[in-house]
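For reference, the structure discussed in these notes is given below.
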Amino acid sequence: MDLLRFMAPTRTAHAHCDIPCGVYDPAQARIEAESCYRIIEKYHASDDEVFRARCIGVKEERAELVKHHIDVLWHDYFKPEHVEKFPDLHDTCWKASKAASAVKQGVDLDAATNLLALIDKIDEMWKASGGPDKTRM
């Protein structure tokens with residue numbers, strides 16, 4: 001028993017999913033980003049401090065999910081041939097991840113609008129690379 005414990009892994013690896021499903025879609029990031037935008041609108045429209053605090057917490061969770069979905073696309077879906085076809089792919093994904101961080105950190109509607117525009121750009125590259133045909137049933 002001590003030998004088994006000694007040989008057991010000390011770290012747990014995490015992935016998009018345990019089984020590489022091949023299903024990727026920028027719509028996941030967009031839905032979470034749209035949620036952030038709407039929550040920021042509701043935050044600014046309310047004088048209720050408890051409600052506003054709840055808005056901040058939920059918005060931060062949603063923005064973190066945006067970052068996750070962008071990273072999954074960037075690291076798991078897009079391949080070297082996509083970078084050749086879209087030379088600004090890395091820069092766009094990096095900017096989108098940074099934009100999601102900005103949305104997470106504040107309550108600026110312009111930041112949320114910028115994030116949505118970057119996700120749309122990623123979506124265009126995904127579609128032009130055959131994403132819908134490769135990842136949907």
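The chains in the structure tokens are called A, B, ... from first to last as shown; in each chain the residues are counted from 1, and the ligands are counted from 1 in the order shown.
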Find the spatial neighbours of range 69-73 of chain A, counting only C-alpha atoms, within a cut-off of 12 Å - ignore same-chain residues fewer than 5 positions away - and output them as a ChimeraX atom specification.
/A:14-17,20,22-33,62-64,78-79,82,89-90,92-101,115-116,118-123,125-126,131,135
Per DSSP on the backbone, filter range 17-122 of chain A down to the residues in alpha helix (DSSP H) and report them as a PyMOL selection string.
chain A and resi 27-45+49-72+80-85+89-105+109-122
Nearest to Asp110 in chain A among A:Glu41, A:Glu81, A:Asp48, A:Asp76, with distances taken over only C-alpha atoms: which residue is it?
A:Glu41
Please determine, counting only C-alpha atoms, which residue among A:Val58, A:Ser129, A:Phe51, A:Tyr77 has the shortest atom-to-atom distance to Ser35 in chain A.
A:Val58
Which residues, written as JSON, numbers by chain, have at least one atom at most 6 Å from Ile40 in chain A, with only C-alpha atoms counted and residues fewer than 3 positions away on the same chain left out?
{"A": [37, 43, 107]}
CA of Glu61 in chain A and CA of Asp108 in chain A, how far apart in Å?
16.0 Å
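Each of A:Gly57, A:Arg38, A:Asn114, A:Lys85 was compared to Ala128 in chain A using only C-alpha atoms, and A:Lys85 turns out to be the nearest.
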Coordinates-based distance that separates CA of Pro80 in chain A from CA of Thr113 in chain A (Å, one decimal)
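Atom-to-atom, CA of Thr113 in chain A and CA of Pro80 in chain A are spaced 28.9 Å apart.
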